[in-house]
>>> print(open('data21.txt').read())   # compact mmCIF, C-alpha atoms
# COMPACT_ATOMS: atom_id res chain seq x y z
CA MET M 1 -35.51 -41.53 3.54
CA ILE M 2 -34.53 -40.54 7.07
CA ALA M 3 -36.70 -37.42 6.81
CA ALA M 4 -39.68 -39.50 5.69
CA ILE M 5 -39.22 -41.87 8.64
CA GLU M 6 -38.91 -38.97 11.10
CA ASN M 7 -42.11 -37.40 9.70
CA ALA M 8 -44.12 -40.63 9.76
CA ARG M 9 -47.46 -40.48 11.55
CA ARG M 10 -48.92 -43.98 11.20
CA ASP M 11 -46.73 -46.83 9.98
CA ILE M 12 -43.40 -47.71 8.38
CA ARG M 13 -42.50 -50.75 6.31
CA MET M 14 -38.89 -51.28 5.30
CA GLU M 15 -36.90 -54.08 3.70
CA SER M 16 -33.31 -54.24 2.50
CA TYR M 17 -30.80 -56.74 1.21
CA ILE M 18 -27.86 -55.10 3.00
CA PHE M 19 -28.37 -53.18 6.24
CA ALA M 20 -24.90 -52.67 7.66
CA ALA M 21 -24.05 -52.24 11.33
CA ASP M 22 -22.20 -49.00 10.56
CA GLU M 23 -22.90 -45.28 10.93
CA VAL M 24 -25.64 -45.27 8.28
CA GLY M 25 -27.29 -48.41 9.63
CA ALA M 26 -27.19 -47.01 13.17
CA ARG M 27 -28.83 -43.78 11.99
CA PHE M 28 -31.72 -45.70 10.43
CA VAL M 29 -32.07 -47.87 13.52
CA THR M 30 -32.26 -44.77 15.74
CA ALA M 31 -34.98 -43.24 13.53
CA LEU M 32 -37.02 -46.46 13.30
CA ALA M 33 -36.72 -47.19 17.02
CA ALA M 34 -37.86 -43.67 17.95
CA LYS M 35 -41.00 -44.04 15.85
CA ALA M 36 -41.78 -47.46 17.34
CA ARG M 37 -41.44 -46.04 20.86
CA GLY M 38 -43.86 -43.32 19.78
CA GLY M 39 -46.52 -45.94 19.06
CA LEU M 40 -46.22 -46.33 15.28
CA ASP M 41 -46.45 -49.70 13.56
CA VAL M 42 -42.83 -50.16 12.37
CA ARG M 43 -41.77 -53.29 10.48
CA LEU M 44 -38.26 -54.12 9.24
CA HIS M 45 -37.56 -57.15 7.03
CA LEU M 46 -33.91 -57.88 6.25
CA ASP M 47 -32.24 -60.57 4.18
CA ALA M 48 -30.48 -63.04 6.47
CA PHE M 49 -27.51 -63.39 4.12
CA GLY M 50 -27.06 -59.86 2.76
CA ALA M 51 -27.60 -58.01 6.03
CA GLY M 52 -25.21 -60.23 7.97
CA GLN M 53 -27.35 -61.89 10.60
CA ARG M 54 -24.59 -62.27 13.20
CA SER M 55 -23.07 -58.79 12.92
CA PHE M 56 -26.53 -57.21 13.21
CA HIS M 57 -27.26 -58.71 16.63
CA ASN M 58 -26.84 -55.53 18.72
CA LEU M 59 -28.90 -53.39 16.34
CA GLN M 60 -31.59 -56.07 16.24
CA ARG M 61 -31.79 -56.05 20.02
CA GLU M 62 -32.19 -52.25 20.02
CA LEU M 63 -34.92 -52.41 17.40
CA GLU M 64 -36.93 -55.13 19.08
CA GLY M 65 -36.50 -53.49 22.50
CA SER M 66 -38.07 -50.35 21.06
CA GLY M 67 -41.07 -52.21 19.67
CA VAL M 68 -40.01 -52.56 16.04
CA GLN M 69 -41.40 -55.72 14.46
CA PHE M 70 -38.36 -57.42 12.97
CA ARG M 71 -37.93 -60.44 10.71
CA TRP M 72 -35.12 -62.16 8.81
CA PHE M 73 -35.87 -63.32 5.28
CA ARG M 74 -34.99 -67.01 4.99
CA PRO M 75 -32.30 -67.65 7.59
CA PHE M 76 -30.50 -70.92 7.00
CA ARG M 77 -32.47 -73.95 8.13
CA ALA M 78 -30.99 -77.43 7.92
CA ARG M 79 -34.41 -78.91 7.14
CA HIS M 80 -34.84 -76.65 4.06
CA PRO M 81 -31.31 -75.81 2.87
CA LEU M 82 -32.29 -75.07 -0.73
CA GLN M 83 -34.55 -72.20 0.36
CA TYR M 84 -31.41 -70.33 1.41
CA LEU M 85 -30.43 -70.02 -2.26
CA GLN M 86 -33.21 -67.49 -2.88
CA ARG M 87 -32.47 -64.09 -1.33
CA ASN M 88 -34.56 -60.97 -0.86
CA HIS M 89 -32.53 -58.48 -2.91
CA ARG M 90 -35.18 -55.74 -2.73
CA LYS M 91 -34.68 -52.27 -1.24
CA LEU M 92 -38.01 -50.77 -0.22
CA LEU M 93 -39.32 -48.19 2.24
CA VAL M 94 -43.03 -47.34 2.56
CA VAL M 95 -44.12 -44.57 4.95
CA ASP M 96 -47.74 -43.98 5.99
CA GLY M 97 -48.96 -45.75 2.87
CA ARG M 98 -48.17 -42.68 0.80
CA GLU M 99 -44.39 -42.36 0.24
CA VAL M 100 -42.35 -45.12 -1.40
CA PHE M 101 -38.59 -45.31 -1.89
CA LEU M 102 -36.99 -48.05 -4.00
CA GLY M 103 -34.04 -48.72 -6.25
CA GLY M 104 -30.47 -49.86 -5.78
CA PHE M 105 -29.44 -48.24 -2.48
CA ASN M 106 -28.48 -50.56 0.34
CA ILE M 107 -28.21 -49.17 3.87
CA ARG M 108 -24.49 -48.66 4.44
CA ARG M 109 -21.76 -46.04 4.43
CA LEU M 110 -20.58 -47.09 0.94
CA ASN M 111 -23.51 -45.08 -0.45
CA SER M 112 -22.78 -41.96 1.62
CA ARG M 113 -20.87 -39.04 0.11
CA ARG M 114 -20.32 -37.57 3.59
CA LEU M 115 -18.87 -40.78 5.04
CA HIS M 116 -17.31 -42.52 2.03
CA GLY M 117 -16.27 -39.53 -0.06
CA ALA M 118 -16.35 -38.90 -3.79
CA ARG M 119 -15.72 -42.56 -4.58
CA ARG M 120 -18.99 -43.70 -3.04
CA ARG M 121 -21.07 -46.09 -5.11
CA ARG M 122 -22.79 -44.75 -8.22
CA ASP M 123 -26.39 -45.80 -7.60
CA THR M 124 -29.96 -44.80 -8.42
CA HIS M 125 -32.98 -44.65 -6.10
CA VAL M 126 -36.42 -43.07 -6.62
CA ARG M 127 -39.28 -41.73 -4.53
CA VAL M 128 -42.87 -42.30 -5.70
CA SER M 129 -46.34 -41.79 -4.25
CA GLY M 130 -50.02 -42.20 -5.10
CA PRO M 131 -51.55 -45.56 -6.14
CA LEU M 132 -48.07 -47.11 -6.29
CA ALA M 133 -47.94 -46.94 -2.50
CA THR M 134 -50.80 -49.44 -2.30
CA LEU M 135 -48.89 -51.77 -4.59
CA ALA M 136 -45.74 -51.35 -2.49
CA ILE M 137 -47.61 -52.28 0.70
CA GLY M 138 -48.91 -55.44 -0.97
CA HIS M 139 -45.46 -56.45 -2.16
CA PHE M 140 -43.99 -55.89 1.30
CA ASP M 141 -46.76 -57.79 3.07
CA ARG M 142 -46.48 -60.73 0.69
CA LEU M 143 -42.90 -61.43 1.76
CA TRP M 144 -43.53 -60.43 5.38
CA HIS M 145 -46.14 -63.20 5.60
CA ASP M 146 -44.12 -65.50 3.29
CA ALA M 147 -47.01 -65.65 0.83
CA HIS M 148 -46.55 -66.59 -2.82
CA GLN M 149 -49.28 -64.50 -4.38
CA LEU M 150 -49.91 -60.77 -4.37
CA PRO M 151 -52.84 -59.90 -2.07
CA ALA M 152 -55.95 -58.75 -3.94
CA SER M 153 -55.86 -55.42 -2.09
CA ALA M 154 -52.50 -54.66 -3.70
CA ILE M 155 -53.78 -54.97 -7.27
CA PRO M 156 -55.16 -51.71 -8.72
CA LYS M 157 -58.79 -51.87 -9.87
CA ASP M 158 -57.91 -50.57 -13.32
CA PRO M 159 -54.20 -51.27 -14.02
CA LYS M 160 -54.60 -50.38 -17.70
CA ASN M 161 -55.10 -46.74 -16.75
CA MET M 162 -52.01 -46.61 -14.57
CA GLU M 163 -48.93 -44.90 -15.96
CA ALA M 164 -46.61 -46.87 -13.67
CA LEU M 165 -46.44 -50.22 -11.91
CA LEU M 166 -44.31 -51.92 -9.29
CA VAL M 167 -43.39 -55.37 -10.50
CA ALA M 168 -41.95 -58.18 -8.40
CA SER M 169 -39.66 -60.74 -9.96
CA TYR M 170 -40.98 -63.97 -8.60
CA SER M 171 -44.16 -65.86 -7.89
CA ARG M 172 -45.27 -69.46 -7.99
CA HIS M 173 -46.98 -68.77 -11.33
CA CYS M 174 -44.18 -66.92 -13.14
CA GLN M 175 -40.49 -67.23 -12.33
CA HIS M 176 -39.26 -65.12 -15.24
CA ARG M 177 -41.55 -62.08 -15.13
CA LEU M 178 -38.74 -59.52 -15.21
CA ALA M 179 -37.02 -61.19 -18.14
CA CYS M 180 -40.27 -61.10 -20.12
CA LEU M 181 -40.88 -57.50 -19.13
CA HIS M 182 -37.45 -56.27 -20.21
CA ALA M 183 -37.55 -58.25 -23.46
CA GLY M 184 -41.02 -56.90 -24.25
CA LEU M 185 -40.08 -53.27 -23.69
CA ILE M 186 -36.86 -53.67 -25.68
CA ALA M 187 -38.80 -55.20 -28.57
CA LYS M 188 -41.02 -52.08 -28.75
CA ALA M 189 -38.12 -49.59 -28.83
CA GLN M 190 -37.98 -47.38 -31.90
CA SER M 191 -35.19 -44.89 -31.22
CA HIS M 192 -32.85 -45.81 -28.37
CA ILE M 193 -32.28 -48.13 -25.42
CA TYR M 194 -30.02 -46.97 -22.59
CA LEU M 195 -29.34 -49.77 -20.15
CA THR M 196 -27.27 -49.79 -16.96
CA SER M 197 -26.56 -52.98 -15.02
CA PRO M 198 -23.69 -53.72 -12.61
CA TYR M 199 -24.05 -57.44 -13.34
CA PHE M 200 -24.99 -58.63 -16.80
CA GLY M 201 -25.85 -62.08 -18.07
CA PRO M 202 -29.61 -61.98 -18.65
CA GLY M 203 -30.07 -65.17 -20.61
CA ILE M 204 -31.35 -65.82 -24.11
CA MET M 205 -34.62 -63.87 -23.98
CA VAL M 206 -33.17 -60.43 -23.13
CA ASP M 207 -29.93 -61.04 -25.02
CA GLN M 208 -31.75 -61.78 -28.25
CA ALA M 209 -34.09 -58.80 -27.77
CA LEU M 210 -31.12 -56.45 -27.46
CA GLN M 211 -29.40 -57.91 -30.51
CA ALA M 212 -32.61 -57.74 -32.57
CA ALA M 213 -33.16 -54.10 -31.59
CA ALA M 214 -29.62 -53.13 -32.59
CA THR M 215 -29.95 -55.05 -35.86
CA ARG M 216 -33.08 -53.10 -36.84
CA GLY M 217 -31.29 -49.79 -36.24
CA VAL M 218 -32.18 -48.88 -32.65
CA ASP M 219 -29.37 -47.13 -30.74
CA VAL M 220 -28.71 -49.75 -28.06
CA ARG M 221 -26.18 -48.91 -25.34
CA LEU M 222 -25.12 -50.97 -22.34
CA LEU M 223 -23.25 -49.48 -19.38
CA VAL M 224 -21.47 -51.90 -17.01
CA PRO M 225 -18.59 -51.57 -14.50
CA ARG M 226 -14.97 -51.84 -15.62
CA LYS M 227 -14.33 -54.25 -12.72
CA GLY M 228 -16.84 -56.65 -11.27
CA ASP M 229 -17.56 -57.04 -7.57
CA PRO M 230 -16.59 -59.82 -7.08
CA LEU M 231 -14.12 -60.07 -9.96
CA VAL M 232 -15.69 -63.26 -11.30
CA ALA M 233 -18.94 -61.33 -11.84
CA GLY M 234 -17.07 -58.95 -14.13
CA TRP M 235 -15.64 -61.88 -16.05
CA ALA M 236 -19.17 -63.24 -16.52
CA THR M 237 -20.35 -59.85 -17.81
CA LYS M 238 -17.49 -59.63 -20.31
CA ALA M 239 -18.29 -63.13 -21.57
CA SER M 240 -21.51 -61.72 -23.03
CA TYR M 241 -19.86 -58.91 -25.04
CA ALA M 242 -19.03 -60.61 -28.34
CA PRO M 243 -22.52 -61.36 -29.75
CA LEU M 244 -23.85 -58.01 -28.56
CA LEU M 245 -21.01 -56.06 -30.18
CA ALA M 246 -21.38 -58.08 -33.39
CA ALA M 247 -25.07 -57.15 -33.53
CA GLY M 248 -24.29 -53.43 -33.12
CA VAL M 249 -24.89 -52.94 -29.40
CA ARG M 250 -22.56 -50.26 -28.00
CA ILE M 251 -20.96 -51.31 -24.70
CA TYR M 252 -19.37 -48.92 -22.22
CA GLU M 253 -17.37 -49.68 -19.08
CA TYR M 254 -17.81 -47.20 -16.22
CA LEU M 255 -14.45 -46.09 -14.82
CA PRO M 256 -14.39 -43.73 -11.82
CA ARG M 257 -16.10 -45.77 -9.09
CA GLN M 258 -18.20 -48.82 -8.31
CA LEU M 259 -21.36 -48.91 -10.44
CA HIS M 260 -24.48 -50.27 -8.73
CA ALA M 261 -27.39 -48.57 -10.54
CA LYS M 262 -29.98 -50.68 -12.36
CA THR M 263 -31.88 -48.58 -14.90
CA LEU M 264 -33.40 -48.81 -18.36
CA VAL M 265 -34.59 -45.91 -20.53
CA ILE M 266 -36.40 -46.52 -23.82
CA ASP M 267 -37.17 -43.77 -26.33
CA ALA M 268 -37.05 -41.12 -23.54
CA THR M 269 -40.52 -42.38 -22.63
CA TRP M 270 -40.28 -45.64 -20.70
CA ALA M 271 -38.20 -45.92 -17.53
CA VAL M 272 -37.32 -48.92 -15.40
CA VAL M 273 -35.48 -48.58 -12.09
CA GLY M 274 -35.26 -50.94 -9.14
CA SER M 275 -33.22 -53.59 -7.39
CA ALA M 276 -32.89 -56.11 -10.23
CA ASN M 277 -29.64 -56.65 -12.09
CA LEU M 278 -29.83 -58.15 -15.55
CA ASP M 279 -28.31 -61.43 -14.45
CA TYR M 280 -29.48 -64.94 -13.66
CA LEU M 281 -30.06 -64.51 -9.92
CA SER M 282 -32.09 -61.31 -10.24
CA LEU M 283 -34.17 -62.44 -13.20
CA PHE M 284 -34.85 -66.02 -12.19
CA VAL M 285 -34.07 -66.69 -8.50
CA ASN M 286 -34.08 -63.77 -6.06
CA GLN M 287 -36.90 -61.57 -4.83
CA GLU M 288 -36.67 -58.23 -6.66
CA LEU M 289 -38.84 -55.17 -7.13
CA VAL M 290 -38.74 -52.63 -9.98
CA LEU M 291 -40.67 -49.55 -11.00
CA ILE M 292 -41.85 -49.47 -14.62
CA ALA M 293 -43.12 -46.06 -15.67
CA ARG M 294 -44.33 -44.47 -18.86
CA ASP M 295 -43.20 -41.09 -17.62
CA ARG M 296 -41.27 -38.71 -19.84
CA THR M 297 -40.02 -36.60 -16.93
CA LEU M 298 -38.49 -39.57 -15.13
CA ALA M 299 -37.17 -41.05 -18.39
CA GLU M 300 -35.50 -37.78 -19.36
CA GLN M 301 -33.92 -37.43 -15.92
CA LEU M 302 -32.52 -40.95 -16.08
CA GLN M 303 -31.38 -40.35 -19.65
CA ALA M 304 -29.52 -37.17 -18.66
CA GLN M 305 -27.78 -39.10 -15.88
CA TYR M 306 -26.93 -41.83 -18.38
CA ILE M 307 -25.24 -39.35 -20.72
CA GLU M 308 -23.21 -38.03 -17.77
CA ASP M 309 -22.16 -41.58 -16.89
CA LEU M 310 -21.08 -42.29 -20.48
CA ALA M 311 -18.75 -39.28 -20.28
CA GLU M 312 -16.91 -41.17 -17.52
CA ALA M 313 -16.87 -44.50 -19.34
CA GLU M 314 -14.79 -46.13 -22.07
CA GLU M 315 -16.50 -47.65 -25.10
CA ILE M 316 -15.52 -51.20 -26.02
CA THR M 317 -15.31 -51.66 -29.78
CA LEU M 318 -15.69 -54.96 -31.58
CA SER M 319 -12.28 -54.69 -33.27
CA ALA M 320 -10.51 -54.04 -29.96
CA TRP M 321 -12.47 -56.79 -28.24
CA ARG M 322 -11.42 -59.34 -30.82
CA ARG M 323 -7.78 -58.49 -30.12
CA ARG M 324 -7.96 -59.28 -26.39
CA GLY M 325 -5.50 -61.87 -25.09
CA TRP M 326 -6.02 -65.50 -24.23
CA GLY M 327 -5.68 -64.72 -20.53
CA ALA M 328 -8.74 -62.49 -20.66
CA ARG M 329 -10.63 -65.11 -22.66
CA GLY M 330 -9.79 -67.71 -20.02
CA LEU M 331 -11.16 -65.51 -17.23
CA GLU M 332 -14.34 -64.96 -19.24
CA ALA M 333 -14.75 -68.73 -19.55
CA ILE M 334 -14.52 -69.01 -15.78
CA GLY M 335 -17.09 -66.24 -15.37
CA TRP M 336 -19.41 -67.81 -17.91
CA THR M 337 -19.25 -71.11 -16.09
CA ALA M 338 -20.03 -69.45 -12.74
CA ARG M 339 -22.72 -67.06 -14.01
CA LEU M 340 -25.65 -69.02 -12.55
CA LEU M 341 -24.21 -68.54 -9.05
CA LEU M 342 -23.61 -64.77 -9.27
>>> encode(input="data21.txt", output="structure tokens")
Amino acid sequence: MIAAIENARRDIRMESYIFAADEVGARFVTALAAKARGGLDVRLHLDAFGAGQRSFHNLQRELEGSGVQFRWFRPFRARHPLQYLQRNHRKLLVVDGREVFLGGFNIRRLNSRRLHGARRRRDTHVRVSGPLATLAIGHFDRLWHDAHQLPASAIPKDPKNMEALLVASYSRHCQHRLACLHAGLIAKAQSHIYLTSPYFGPGIMVDQALQAAATRGVDVRLLVPRKGDPLVAGWATKASYAPLLAAGVRIYEYLPRQLHAKTLVIDATWAVVGSANLDYLSLFVNQELVLIARDRTLAEQLQAQYIEDLAEAEEITLSAWRRRGWGARGLEAIGWTARLLL
């Protein structure tokens, strides 16, 4: 991503949920500011909650002093307090209208092997190009201008012939687009479904699709963290285990480090990767962006990574789950109650 920014010749659009005022954040700021001073159109859109509006003050001053166009997504306003509940959880970088980076990576040292070590977050990010770059520009501009509908210029002339799409989670016309998308793809699976989500509680539509797929003999596997971040999020995830296990879904808990990847592979053909967790906030409230691709190369790469992750995970069996103690059940009840806030 840094290399793409440094090689930019025309314009840069970037948005992130978390953009920390640490070594990684400072490196991005230096690269963006240098390009703005060189005359490029550089725009940075950060979430006012996730990026820490107060702690970012010095970096913001450097960016704006260099000519970077900078905006906060929905800072708290007393006149519209409920708007603060919806956050921009997307992670997107578009360079020169040709290179696009998106996925789960926030901008902070926790993702850096060099700075954080071997226990850095396990995450997934992708680089794409071609017609998808036009879509990415439209999605960025829609939030930059606080518009509710995708600009016409961002919609491909013949989407049926595209092998991949960038899909946003939310619009005035459909507030559950990602839930429908995931449920629809799962319903078409014939062989296997490999799903990774650091937060899980997708609601009835996706839950029932997973159970139905497992019931009809599809190999359905779900990879989640052993511990939630925060802990109550993990309790909410575990509260969803019982019906899935009973239907034949195989659930694995990732052990070695914090899991933050959000991916779905179906039949080694379809791949989904982006910023959206399979939980209430991502599917029904926040602004998210995911890549959906019918691309065997990408699907096989994500599937190979999935198999590696399973080797570092522990499978949760139905018999063992039924033997868990009342203390664990009580924590799950707390998580289930709080799931709409996570």
>>> atom_distance(input="data21.txt", atom1="atom CA of M:Ala8", atom2="atom CA of M:Leu110")
26.0 Å
>>> residues_around(input="data21.txt", residues="M:Asp309", least_positions_apart="6", cutoff="12 Å", atoms="all atoms listed in the file", output="list in words")
Arg122, Asp123, Thr124, Tyr194, Leu195, Thr196, Arg221, Leu222, Leu223, Val224, Pro225, Tyr252, Glu253, Tyr254, Leu255, Pro256, Arg257, Gln258, Leu259, Ala261, Leu302, Gln303 and Glu315 of chain M
>>> residues_around(input="data21.txt", residues="M:Gly52", least_positions_apart="4", cutoff="9 Å", atoms="all atoms listed in the file", output="list in words")
Ile18, Phe19, Ala20, Ala21, Asp47, Ala48 and Phe56 of chain M
>>> atom_distance(input="data21.txt", atom1="atom CA of M:Ile5", atom2="atom CA of M:Arg108")
16.8 Å
>>> residues_near_point(input="data21.txt", point="(-32.8, -45.3, 7.7)", cutoff="10 Å", atoms="only C-alpha atoms", output="list in words")
Met1, Ile2, Ala3, Ala4, Ile5, Glu6, Met14, Phe19, Val24, Gly25, Ala26, Arg27, Phe28, Val29, Thr30, Ala31, Leu32, Leu93, Ile107 and Arg108 of chain M
>>> residues_around(input="data21.txt", residues="M:Gly201", least_positions_apart="2", cutoff="12 Å", atoms="only C-alpha atoms", output="ChimeraX atom specification")
/M:179,197-199,203-208,222,224,233-241,244,277-284,332,335-342
>>> closest_residue(input="data21.txt", among="M:Ala51, M:Ala189, M:Ala168, M:Cys180", to="M:Glu15", atoms="only C-alpha atoms")
M:Ala51
>>> residues_near_point(input="data21.txt", point="(-14.8, -53.7, -30.0)", cutoff="9 Å", atoms="only C-alpha atoms", output="VMD selection string")
chain M and resid 241 to 242 245 to 246 250 to 251 315 to 323
>>> atom_distance(input="data21.txt", atom1="atom CA of M:Gly97", atom2="atom CA of M:Arg9")
10.3 Å
>>> closest_residue(input="data21.txt", among="M:Arg43, M:Arg119, M:Arg177, M:His260", to="M:Gln69", atoms="only C-alpha atoms")
M:Arg43
>>> closest_residue(input="data21.txt", among="M:Glu23, M:Asp41, M:Asn88, M:Glu288", to="M:Arg109", atoms="all atoms listed in the file")
M:Glu23
>>> closest_residue(input="data21.txt", among="M:Leu143, M:Val95, M:Leu264, M:Arg226", to="M:Ala183", atoms="only C-alpha atoms")
M:Leu264
>>> closest_residue(input="data21.txt", among="M:Asp267, M:Glu312, M:Asp229, M:Glu62", to="M:Arg37", atoms="all atoms listed in the file")
M:Glu62
>>> closest_residue(input="data21.txt", among="M:Ala268, M:Val285, M:Val232, M:Leu63", to="M:Leu178", atoms="all atoms listed in the file")
M:Val285
>>> decode(input="data21.txt", residues="stretch 43-72 of chain M", atoms="N, CA and C atoms", output="PDB file, in the first residue's frame")
ATOM      1  N   ARG M  43      -7.117  12.442  -0.794  1.00  0.00           N
ATOM      2  CA  ARG M  43      -8.262  12.534   0.102  1.00  0.00           C
ATOM      3  C   ARG M  43      -8.200  11.400   1.129  1.00  0.00           C
ATOM      4  N   LEU M  44      -8.401  11.751   2.388  1.00  0.00           N
ATOM      5  CA  LEU M  44      -8.380  10.773   3.477  1.00  0.00           C
ATOM      6  C   LEU M  44      -9.640  10.941   4.310  1.00  0.00           C
ATOM      7  N   HIS M  45     -10.397   9.845   4.455  1.00  0.00           N
ATOM      8  CA  HIS M  45     -11.678   9.853   5.166  1.00  0.00           C
ATOM      9  C   HIS M  45     -11.591   8.831   6.301  1.00  0.00           C
ATOM     10  N   LEU M  46     -11.608   9.295   7.537  1.00  0.00           N
ATOM     11  CA  LEU M  46     -11.451   8.406   8.681  1.00  0.00           C
ATOM     12  C   LEU M  46     -12.696   8.417   9.549  1.00  0.00           C
ATOM     13  N   ASP M  47     -12.949   7.281  10.190  1.00  0.00           N
ATOM     14  CA  ASP M  47     -14.074   7.196  11.110  1.00  0.00           C
ATOM     15  C   ASP M  47     -13.746   7.941  12.399  1.00  0.00           C
ATOM     16  N   ALA M  48     -14.658   8.800  12.824  1.00  0.00           N
ATOM     17  CA  ALA M  48     -14.403   9.661  13.982  1.00  0.00           C
ATOM     18  C   ALA M  48     -14.288   8.875  15.282  1.00  0.00           C
ATOM     19  N   PHE M  49     -14.933   7.724  15.357  1.00  0.00           N
ATOM     20  CA  PHE M  49     -14.841   6.895  16.558  1.00  0.00           C
ATOM     21  C   PHE M  49     -13.642   5.960  16.485  1.00  0.00           C
ATOM     22  N   GLY M  50     -13.529   5.198  15.417  1.00  0.00           N
ATOM     23  CA  GLY M  50     -12.483   4.184  15.318  1.00  0.00           C
ATOM     24  C   GLY M  50     -11.089   4.758  15.251  1.00  0.00           C
ATOM     25  N   ALA M  51     -10.916   5.875  14.554  1.00  0.00           N
ATOM     26  CA  ALA M  51      -9.584   6.447  14.384  1.00  0.00           C
ATOM     27  C   ALA M  51      -9.152   7.303  15.562  1.00  0.00           C
ATOM     28  N   GLY M  52     -10.036   7.557  16.502  1.00  0.00           N
ATOM     29  CA  GLY M  52      -9.663   8.329  17.679  1.00  0.00           C
ATOM     30  C   GLY M  52      -9.433   9.786  17.354  1.00  0.00           C
ATOM     31  N   GLN M  53     -10.505  10.530  17.233  1.00  0.00           N
ATOM     32  CA  GLN M  53     -10.454  11.897  16.737  1.00  0.00           C
ATOM     33  C   GLN M  53      -9.476  12.772  17.528  1.00  0.00           C
ATOM     34  N   ARG M  54      -9.468  12.646  18.833  1.00  0.00           N
ATOM     35  CA  ARG M  54      -8.602  13.508  19.653  1.00  0.00           C
ATOM     36  C   ARG M  54      -7.130  13.155  19.510  1.00  0.00           C
ATOM     37  N   SER M  55      -6.818  11.861  19.556  1.00  0.00           N
ATOM     38  CA  SER M  55      -5.410  11.440  19.507  1.00  0.00           C
ATOM     39  C   SER M  55      -4.798  11.659  18.134  1.00  0.00           C
ATOM     40  N   PHE M  56      -5.615  11.908  17.119  1.00  0.00           N
ATOM     41  CA  PHE M  56      -5.129  12.064  15.751  1.00  0.00           C
ATOM     42  C   PHE M  56      -4.841  13.525  15.404  1.00  0.00           C
ATOM     43  N   HIS M  57      -4.983  14.411  16.364  1.00  0.00           N
ATOM     44  CA  HIS M  57      -4.937  15.849  16.092  1.00  0.00           C
ATOM     45  C   HIS M  57      -3.641  16.269  15.395  1.00  0.00           C
ATOM     46  N   ASN M  58      -2.481  15.848  15.907  1.00  0.00           N
ATOM     47  CA  ASN M  58      -1.205  16.272  15.333  1.00  0.00           C
ATOM     48  C   ASN M  58      -1.024  15.757  13.909  1.00  0.00           C
ATOM     49  N   LEU M  59      -1.409  14.495  13.674  1.00  0.00           N
ATOM     50  CA  LEU M  59      -1.292  13.952  12.320  1.00  0.00           C
ATOM     51  C   LEU M  59      -2.264  14.653  11.372  1.00  0.00           C
ATOM     52  N   GLN M  60      -3.447  14.983  11.868  1.00  0.00           N
ATOM     53  CA  GLN M  60      -4.405  15.705  11.032  1.00  0.00           C
ATOM     54  C   GLN M  60      -3.845  17.066  10.620  1.00  0.00           C
ATOM     55  N   ARG M  61      -3.206  17.745  11.542  1.00  0.00           N
ATOM     56  CA  ARG M  61      -2.630  19.053  11.235  1.00  0.00           C
ATOM     57  C   ARG M  61      -1.540  18.929  10.177  1.00  0.00           C
ATOM     58  N   GLU M  62      -0.722  17.874  10.267  1.00  0.00           N
ATOM     59  CA  GLU M  62       0.320  17.656   9.261  1.00  0.00           C
ATOM     60  C   GLU M  62      -0.287  17.377   7.894  1.00  0.00           C
ATOM     61  N   LEU M  63      -1.317  16.555   7.866  1.00  0.00           N
ATOM     62  CA  LEU M  63      -1.970  16.223   6.601  1.00  0.00           C
ATOM     63  C   LEU M  63      -2.573  17.459   5.948  1.00  0.00           C
ATOM     64  N   GLU M  64      -3.351  18.191   6.699  1.00  0.00           N
ATOM     65  CA  GLU M  64      -4.030  19.355   6.132  1.00  0.00           C
ATOM     66  C   GLU M  64      -3.030  20.444   5.753  1.00  0.00           C
ATOM     67  N   GLY M  65      -1.933  20.577   6.515  1.00  0.00           N
ATOM     68  CA  GLY M  65      -0.907  21.551   6.174  1.00  0.00           C
ATOM     69  C   GLY M  65      -0.188  21.216   4.889  1.00  0.00           C
ATOM     70  N   SER M  66      -0.226  19.935   4.515  1.00  0.00           N
ATOM     71  CA  SER M  66       0.430  19.498   3.276  1.00  0.00           C
ATOM     72  C   SER M  66      -0.510  19.541   2.081  1.00  0.00           C
ATOM     73  N   GLY M  67      -1.784  19.828   2.324  1.00  0.00           N
ATOM     74  CA  GLY M  67      -2.735  19.898   1.224  1.00  0.00           C
ATOM     75  C   GLY M  67      -3.616  18.677   1.064  1.00  0.00           C
ATOM     76  N   VAL M  68      -3.521  17.720   1.987  1.00  0.00           N
ATOM     77  CA  VAL M  68      -4.417  16.568   1.951  1.00  0.00           C
ATOM     78  C   VAL M  68      -5.821  17.009   2.330  1.00  0.00           C
ATOM     79  N   GLN M  69      -6.808  16.600   1.533  1.00  0.00           N
ATOM     80  CA  GLN M  69      -8.204  16.855   1.881  1.00  0.00           C
ATOM     81  C   GLN M  69      -8.625  15.807   2.908  1.00  0.00           C
ATOM     82  N   PHE M  70      -9.066  16.258   4.056  1.00  0.00           N
ATOM     83  CA  PHE M  70      -9.298  15.361   5.185  1.00  0.00           C
ATOM     84  C   PHE M  70     -10.709  15.544   5.717  1.00  0.00           C
ATOM     85  N   ARG M  71     -11.370  14.420   6.024  1.00  0.00           N
ATOM     86  CA  ARG M  71     -12.705  14.472   6.624  1.00  0.00           C
ATOM     87  C   ARG M  71     -12.855  13.371   7.664  1.00  0.00           C
ATOM     88  N   TRP M  72     -13.652  13.683   8.693  1.00  0.00           N
ATOM     89  CA  TRP M  72     -14.088  12.690   9.676  1.00  0.00           C
ATOM     90  C   TRP M  72     -15.465  12.179   9.267  1.00  0.00           C
TER      91      TRP M  72
END
